[in-house]
Amino acid sequence: MTTTESDREVQPRQLERLRGRPVRKEGENGLFSEGWYPVCLSSEIPEGGIHGADFLDGRVVIFRGEDGKVRVTSAYCMHLGADLTVGTRTPNGLQCLFHGWEYDGNGRCVTLPSGDPVPPRAQLYSFTAIERYGIVFVYNGEQPLYDLPAFEYPEEELVVKVVAVDHLVPVDPWVIAANTPDLLHITELHKFEMFNNPYEEVAWHPYSVDFTVHARLPTGQDFDIVATIHGTNYFWQTGTLDGRWFGWVVPLGIPKAGSSRMYPVIAVKPEPGETPEETQAVVDYLFEVEMAIAAEDAPVFAGMHYAPGNLTHGDRILARFLEYVRHFPRALPSADFIN
């Protein structure tokens with residue numbers, strides 16, 4: 001069941017009540033918003049090896065077994081805490097370099113070279129993990145509350161470009177996600193010429209919110225899209241630029257509290273008669289268009305201290321989104337393993 005923005009409009013009295021209320025920072029009280037988080041590119045996993053990554057103020061290892069399945073576990077050996085990144089990959093598991101403790105694909109210790117019995121608590125934390133669009137995602141939470149979103153076309157029918165942005169943005173992912181419901185900034189900063197009233201075309205769901213935009217970019221292209229925030233960290237968009245379909249997603253990872261790492265993805269479906277080179281040119285062009293829009297926000301985030309203390313009626317969708325973030329489930333079931 002969904003509701004439109006008009007069904008859940010933030011009235012002036014409600015806005016006054018919401019104004020100035022802080023939003024919890026990620027990592028506050030040791031908890032992070034539940035959801036699907038990118039931890040690395042698929043291409044970063046070495047052949048037959050192990051990749052380490054910082055995640056939610058802790059550390060994880062990512063590896064691919066001989067069965068082709070990607071696995072993500074806590075990084076520290078349950079013996080003395082050696083980082084398994086410097087260990088060895090077994091057919092579908094890991095072996096610690098320090099004392100040779102061996103773990104299966106589910107993170108359970110199965111062998112001690114010393115011949116001693118395996119301690120019953122010798123179990124790494126094993127994350128629910130999925131690969132999509134060249135990114136490895138893991139879920140923070142006991143069980144996924146929602147599915148990892150996908151485009152309307154199968155991945156094998158698309159030409160995809162994905163990048164892991166090297167530098168971290170010094171704000172929580174929900175701050176970046178709040179850019180979409182901050183409808184005033186779309187016209188003020190990005191100078192979109194709007195052809196619809198986006199305040200009237202917002203749909204709220206339990207774990208996501210959709211925004212419809214029909215606009216003209218300042219560079220002259222017609223931009224007709226539906227943008228969705230899944231969870232508090234996953235920006236998903238599908239639609240057309242001058243009539244050409246494309247998909248654009250920017251999942252946001254959290255290596256450490258107070259930071260975000262962006263993994264922008266552009267996807268295009270080749271048109272009949274189009275050569276691979278022509279399709280790739282479209283992919284590169286659309287990627288540049290979207291990254292140019294994102295670049296306009298970058299200097300704002302670089303020094304931002306997010307404090308929604310004086311929201312106005314024009315911020316009513318943003319106010320509702322911040323309430324959504326305030327009440328979004330938080331967890332960190334891996335806390336005793338990754339830190």
# chains A, B, ... in the order shown; residues from 1 in each chain; ligands from 1
$ residues_around --residues "Gly258 (chain A)" --least-positions-apart "5" --cutoff "9 Å" --atoms "only C-alpha atoms" --output "PyMOL selection string"
chain A and resi 25-27+169-173
$ write_last_selection --atoms "N, CA, C and O atoms" --output "mmCIF file, in the first residue's frame"
data_model
loop_
_atom_site.group_PDB
_atom_site.id
_atom_site.type_symbol
_atom_site.label_atom_id
_atom_site.label_comp_id
_atom_site.auth_asym_id
_atom_site.auth_seq_id
_atom_site.Cartn_x
_atom_site.Cartn_y
_atom_site.Cartn_z
ATOM 1 N N LYS A 25 22.631 10.468 13.993
ATOM 2 C CA LYS A 25 23.751 10.193 13.122
ATOM 3 C C LYS A 25 23.931 8.681 12.983
ATOM 4 O O LYS A 25 23.622 7.920 13.897
ATOM 5 N N GLU A 26 24.445 8.268 11.826
ATOM 6 C CA GLU A 26 24.784 6.857 11.655
ATOM 7 C C GLU A 26 25.891 6.492 12.641
ATOM 8 O O GLU A 26 26.856 7.242 12.816
ATOM 9 N N GLY A 27 25.730 5.344 13.274
ATOM 10 C CA GLY A 27 26.694 4.910 14.269
ATOM 11 C C GLY A 27 26.364 5.359 15.677
ATOM 12 O O GLY A 27 27.008 4.912 16.640
ATOM 13 N N VAL A 169 32.650 11.147 1.030
ATOM 14 C CA VAL A 169 31.884 12.366 1.270
ATOM 15 C C VAL A 169 31.666 12.456 2.783
ATOM 16 O O VAL A 169 31.181 11.488 3.391
ATOM 17 N N PRO A 170 31.999 13.578 3.424
ATOM 18 C CA PRO A 170 31.987 13.637 4.891
ATOM 19 C C PRO A 170 30.617 13.871 5.522
ATOM 20 O O PRO A 170 30.462 14.687 6.441
ATOM 21 N N VAL A 171 29.606 13.149 5.039
ATOM 22 C CA VAL A 171 28.264 13.192 5.618
ATOM 23 C C VAL A 171 27.686 11.789 5.576
ATOM 24 O O VAL A 171 28.134 10.935 4.808
ATOM 25 N N ASP A 172 26.657 11.537 6.383
ATOM 26 C CA ASP A 172 25.966 10.248 6.344
ATOM 27 C C ASP A 172 25.192 10.092 5.039
ATOM 28 O O ASP A 172 24.755 11.089 4.445
ATOM 29 N N PRO A 173 24.961 8.846 4.584
ATOM 30 C CA PRO A 173 24.206 8.649 3.343
ATOM 31 C C PRO A 173 22.835 9.306 3.326
ATOM 32 O O PRO A 173 22.408 9.807 2.282
#
$ residues_around --residues "Arg24 (chain A)" --least-positions-apart "5" --cutoff "12 Å" --atoms "only C-alpha atoms" --output "list of chain:residue names"
A:Asn29, A:Gly30, A:Leu31, A:Phe32, A:Ser33, A:Asp172, A:Trp174, A:Val175, A:Ala257, A:Gly258, A:Tyr306, A:Ala307, A:Leu322, A:Glu323, A:Tyr324, A:Val325, A:Arg326, A:His327, A:Phe328, A:Pro329, A:Arg330
$ write_last_selection --atoms "C-alpha atoms" --output "JSON list (two decimals), in the first residue's frame"
[["chain", "number", "residue", "atom", "x", "y", "z"],
["A", 29, "ASN", "CA", 24.60, 4.23, 20.04],
["A", 30, "GLY", "CA", 26.48, 1.73, 17.90],
["A", 31, "LEU", "CA", 23.64, 1.36, 15.38],
["A", 32, "PHE", "CA", 23.31, 2.01, 11.63],
["A", 33, "SER", "CA", 20.26, 2.17, 9.36],
["A", 172, "ASP", "CA", 25.97, 10.25, 6.34],
["A", 174, "TRP", "CA", 20.78, 9.89, 4.44],
["A", 175, "VAL", "CA", 22.07, 13.47, 4.11],
["A", 257, "ALA", "CA", 30.46, 6.70, 10.68],
["A", 258, "GLY", "CA", 30.02, 10.19, 9.32],
["A", 306, "TYR", "CA", 23.19, 19.20, 8.52],
["A", 307, "ALA", "CA", 20.74, 20.83, 10.92],
["A", 322, "LEU", "CA", 13.45, 13.31, 7.68],
["A", 323, "GLU", "CA", 10.67, 11.75, 9.77],
["A", 324, "TYR", "CA", 11.00, 8.64, 7.61],
["A", 325, "VAL", "CA", 14.74, 8.56, 8.40],
["A", 326, "ARG", "CA", 14.16, 9.17, 12.12],
["A", 327, "HIS", "CA", 11.91, 6.12, 12.33],
["A", 328, "PHE", "CA", 13.83, 3.86, 9.96],
["A", 329, "PRO", "CA", 14.96, 0.60, 11.63],
["A", 330, "ARG", "CA", 18.54, 0.55, 12.87]]
$ select_by_dssp --residues "region 160-206 of chain A" --states "alpha helix (DSSP H)" --output "PyMOL selection string"
chain A and resi 173-177+183-188
$ write_last_selection --atoms "C-alpha atoms" --output "CSV table (one decimal), in the first residue's frame"
chain,number,residue,atom,x,y,z
A,173,PRO,CA,24.2,8.6,3.3
A,174,TRP,CA,20.8,9.9,4.4
A,175,VAL,CA,22.1,13.5,4.1
A,176,ILE,CA,22.9,12.8,0.4
A,177,ALA,CA,19.6,10.9,0.0
A,183,LEU,CA,12.6,19.8,-4.0
A,184,LEU,CA,13.5,23.4,-3.7
A,185,HIS,CA,17.2,22.8,-4.4
A,186,ILE,CA,16.3,21.1,-7.7
A,187,THR,CA,15.2,24.4,-9.1
A,188,GLU,CA,17.5,26.7,-7.1
$ select_by_dssp --residues "region 45-256 of chain A" --states "strand (DSSP E)" --output "PyMOL selection string"
chain A and resi 50-55+58-64+70-74+88-89+94-95+102-103+109-111+129-132+135-140+159-162+193-194+202-205+208-216+222-230+234-241+244-253
$ residues_around --residues "Ala298 (chain A)" --least-positions-apart "5" --cutoff "12 Å" --atoms "only C-alpha atoms" --output "number ranges by chain"
A: 167-171, 176, 179, 189, 262, 291-293, 303-304
$ residues_around --residues "region 87-103 of chain A" --least-positions-apart "5" --cutoff "6 Å" --atoms "only C-alpha atoms" --output "ChimeraX atom specification"
/A:49,65-66,108-112
$ residues_around --residues "Gln123 (chain A)" --least-positions-apart "5" --cutoff "10 Å" --atoms "only C-alpha atoms" --output "PyMOL selection string"
chain A and resi 73-74+77-79+103-104+106-110+118+337
$ write_last_selection --atoms "N, CA, C and O atoms" --output "JSON list (two decimals), in the first residue's frame"
[["chain", "number", "residue", "atom", "x", "y", "z"],
["A", 73, "THR", "N", 32.29, -11.82, 4.96],
["A", 73, "THR", "CA", 32.30, -12.16, 6.37],
["A", 73, "THR", "C", 33.06, -11.10, 7.15],
["A", 73, "THR", "O", 33.74, -10.25, 6.58],
["A", 74, "SER", "N", 32.94, -11.18, 8.49],
["A", 74, "SER", "CA", 33.77, -10.34, 9.34],
["A", 74, "SER", "C", 35.23, -10.67, 9.06],
["A", 74, "SER", "O", 35.57, -11.79, 8.68],
["A", 77, "CYS", "N", 39.98, -13.05, 12.51],
["A", 77, "CYS", "CA", 39.99, -14.46, 12.92],
["A", 77, "CYS", "C", 39.51, -14.58, 14.36],
["A", 77, "CYS", "O", 39.87, -13.76, 15.23],
["A", 78, "MET", "N", 38.72, -15.60, 14.62],
["A", 78, "MET", "CA", 38.14, -15.81, 15.95],
["A", 78, "MET", "C", 39.14, -16.38, 16.95],
["A", 78, "MET", "O", 38.81, -16.59, 18.11],
["A", 79, "HIS", "N", 40.36, -16.60, 16.53],
["A", 79, "HIS", "CA", 41.40, -17.09, 17.42],
["A", 79, "HIS", "C", 42.03, -15.92, 18.18],
["A", 79, "HIS", "O", 41.76, -15.71, 19.36],
["A", 103, "TYR", "N", 38.10, -21.63, 7.74],
["A", 103, "TYR", "CA", 36.67, -21.33, 7.83],
["A", 103, "TYR", "C", 35.99, -21.74, 6.53],
["A", 103, "TYR", "O", 36.54, -21.56, 5.43],
["A", 104, "ASP", "N", 34.77, -22.27, 6.64],
["A", 104, "ASP", "CA", 34.03, -22.62, 5.44],
["A", 104, "ASP", "C", 33.34, -21.39, 4.86],
["A", 104, "ASP", "O", 33.48, -20.28, 5.37],
["A", 106, "ASN", "N", 30.42, -20.36, 5.02],
["A", 106, "ASN", "CA", 29.46, -19.71, 5.91],
["A", 106, "ASN", "C", 30.12, -19.08, 7.13],
["A", 106, "ASN", "O", 29.44, -18.61, 8.04],
["A", 107, "GLY", "N", 31.47, -19.08, 7.14],
["A", 107, "GLY", "CA", 32.19, -18.45, 8.23],
["A", 107, "GLY", "C", 32.42, -19.33, 9.44],
["A", 107, "GLY", "O", 32.96, -18.87, 10.45],
["A", 108, "ARG", "N", 32.07, -20.61, 9.35],
["A", 108, "ARG", "CA", 32.24, -21.52, 10.49],
["A", 108, "ARG", "C", 33.64, -22.13, 10.46],
["A", 108, "ARG", "O", 34.08, -22.63, 9.42],
["A", 109, "CYS", "N", 34.34, -22.06, 11.57],
["A", 109, "CYS", "CA", 35.66, -22.68, 11.65],
["A", 109, "CYS", "C", 35.50, -24.20, 11.61],
["A", 109, "CYS", "O", 34.75, -24.79, 12.40],
["A", 110, "VAL", "N", 36.21, -24.84, 10.69],
["A", 110, "VAL", "CA", 36.06, -26.28, 10.50],
["A", 110, "VAL", "C", 37.33, -27.07, 10.77],
["A", 110, "VAL", "O", 37.27, -28.28, 10.99],
["A", 118, "VAL", "N", 37.67, -27.74, 17.56],
["A", 118, "VAL", "CA", 37.26, -26.39, 17.17],
["A", 118, "VAL", "C", 36.38, -25.80, 18.26],
["A", 118, "VAL", "O", 35.37, -26.41, 18.65],
["A", 337, "PHE", "N", 31.71, -8.73, 15.87],
["A", 337, "PHE", "CA", 32.61, -9.46, 14.98],
["A", 337, "PHE", "C", 33.48, -8.53, 14.13],
["A", 337, "PHE", "O", 34.64, -8.83, 13.88]]
$ residues_around --residues "region 235-238 of chain A" --least-positions-apart "6" --cutoff "9 Å" --atoms "only C-alpha atoms" --output "ChimeraX atom specification"
/A:149-152,177,180,224-229,245-252
$ write_last_selection --atoms "C-alpha atoms" --output "CSV table (one decimal), in the first residue's frame"
chain,number,residue,atom,x,y,z
A,149,PRO,CA,16.2,-2.9,-6.3
A,150,ALA,CA,16.8,-3.7,-10.0
A,151,PHE,CA,16.0,-2.0,-13.3
A,152,GLU,CA,13.0,-3.1,-15.4
A,177,ALA,CA,19.6,10.9,0.0
A,180,THR,CA,16.0,14.2,-3.6
A,224,ASP,CA,11.6,12.5,-17.5
A,225,ILE,CA,12.3,10.2,-14.6
A,226,VAL,CA,11.1,8.5,-11.4
A,227,ALA,CA,13.6,8.6,-8.6
A,228,THR,CA,13.4,6.4,-5.6
A,229,ILE,CA,15.2,6.4,-2.3
A,245,TRP,CA,15.8,5.2,-21.7
A,246,PHE,CA,18.5,4.8,-19.0
A,247,GLY,CA,18.9,3.8,-15.5
A,248,TRP,CA,21.0,5.6,-12.9
A,249,VAL,CA,21.7,4.4,-9.3
A,250,VAL,CA,24.0,5.7,-6.6
A,251,PRO,CA,24.2,3.3,-3.7
A,252,LEU,CA,26.1,4.8,-0.8
$ closest_residue --among "A:Pro154, A:Ala294, A:Leu286, A:Pro206" --to "Gly239 (chain A)" --atoms "only C-alpha atoms"
A:Leu286
$ residues_around --residues "region 211-218 of chain A" --least-positions-apart "3" --cutoff "8 Å" --atoms "only C-alpha atoms" --output "PDB file with C-alpha atoms, in the first residue's frame"
ATOM      1  CA  THR A 180      15.963  14.219  -3.644  1.00  0.00           C
ATOM      2  CA  PRO A 181      13.041  15.209  -1.370  1.00  0.00           C
ATOM      3  CA  HIS A 190      20.356  22.653 -10.414  1.00  0.00           C
ATOM      4  CA  LYS A 191      18.125  25.121 -12.321  1.00  0.00           C
ATOM      5  CA  PHE A 192      15.658  22.511 -13.565  1.00  0.00           C
ATOM      6  CA  GLU A 193      12.697  23.924 -15.485  1.00  0.00           C
ATOM      7  CA  MET A 194       9.848  21.889 -14.028  1.00  0.00           C
ATOM      8  CA  PHE A 195       6.934  20.690 -16.192  1.00  0.00           C
ATOM      9  CA  ASN A 196       5.116  18.933 -13.346  1.00  0.00           C
ATOM     10  CA  PRO A 198       6.725  17.132  -7.931  1.00  0.00           C
ATOM     11  CA  GLU A 201       3.693  13.147  -7.315  1.00  0.00           C
ATOM     12  CA  VAL A 202       5.367  11.594  -4.293  1.00  0.00           C
ATOM     13  CA  ALA A 203       4.558   8.025  -3.239  1.00  0.00           C
ATOM     14  CA  GLN A 221      17.620  18.140 -22.525  1.00  0.00           C
ATOM     15  CA  ASP A 222      14.173  16.887 -21.534  1.00  0.00           C
ATOM     16  CA  PHE A 223      14.456  14.838 -18.350  1.00  0.00           C
ATOM     17  CA  ASP A 224      11.569  12.487 -17.460  1.00  0.00           C
ATOM     18  CA  ILE A 225      12.332  10.158 -14.583  1.00  0.00           C
ATOM     19  CA  VAL A 226      11.109   8.462 -11.442  1.00  0.00           C
ATOM     20  CA  ALA A 227      13.643   8.649  -8.633  1.00  0.00           C
ATOM     21  CA  THR A 228      13.393   6.410  -5.581  1.00  0.00           C
TER      22      THR A 228
END
$ atom_distance --atom1 "CA of Val60 (chain A)" --atom2 "CA of Val163 (chain A)"
20.3 Å
$ closest_residue --among "A:Asp166, A:Ala331, A:Val160, A:Gly309" --to "Val282 (chain A)" --atoms "only C-alpha atoms"
A:Val160
$ atom_distance --atom1 "CA of Gln143 (chain A)" --atom2 "CA of Tyr207 (chain A)"
13.8 Å
$ closest_residue --among "A:Pro333, A:Ala319, A:Tyr139, A:Ala178" --to "Asp297 (chain A)" --atoms "only C-alpha atoms"
A:Ala178
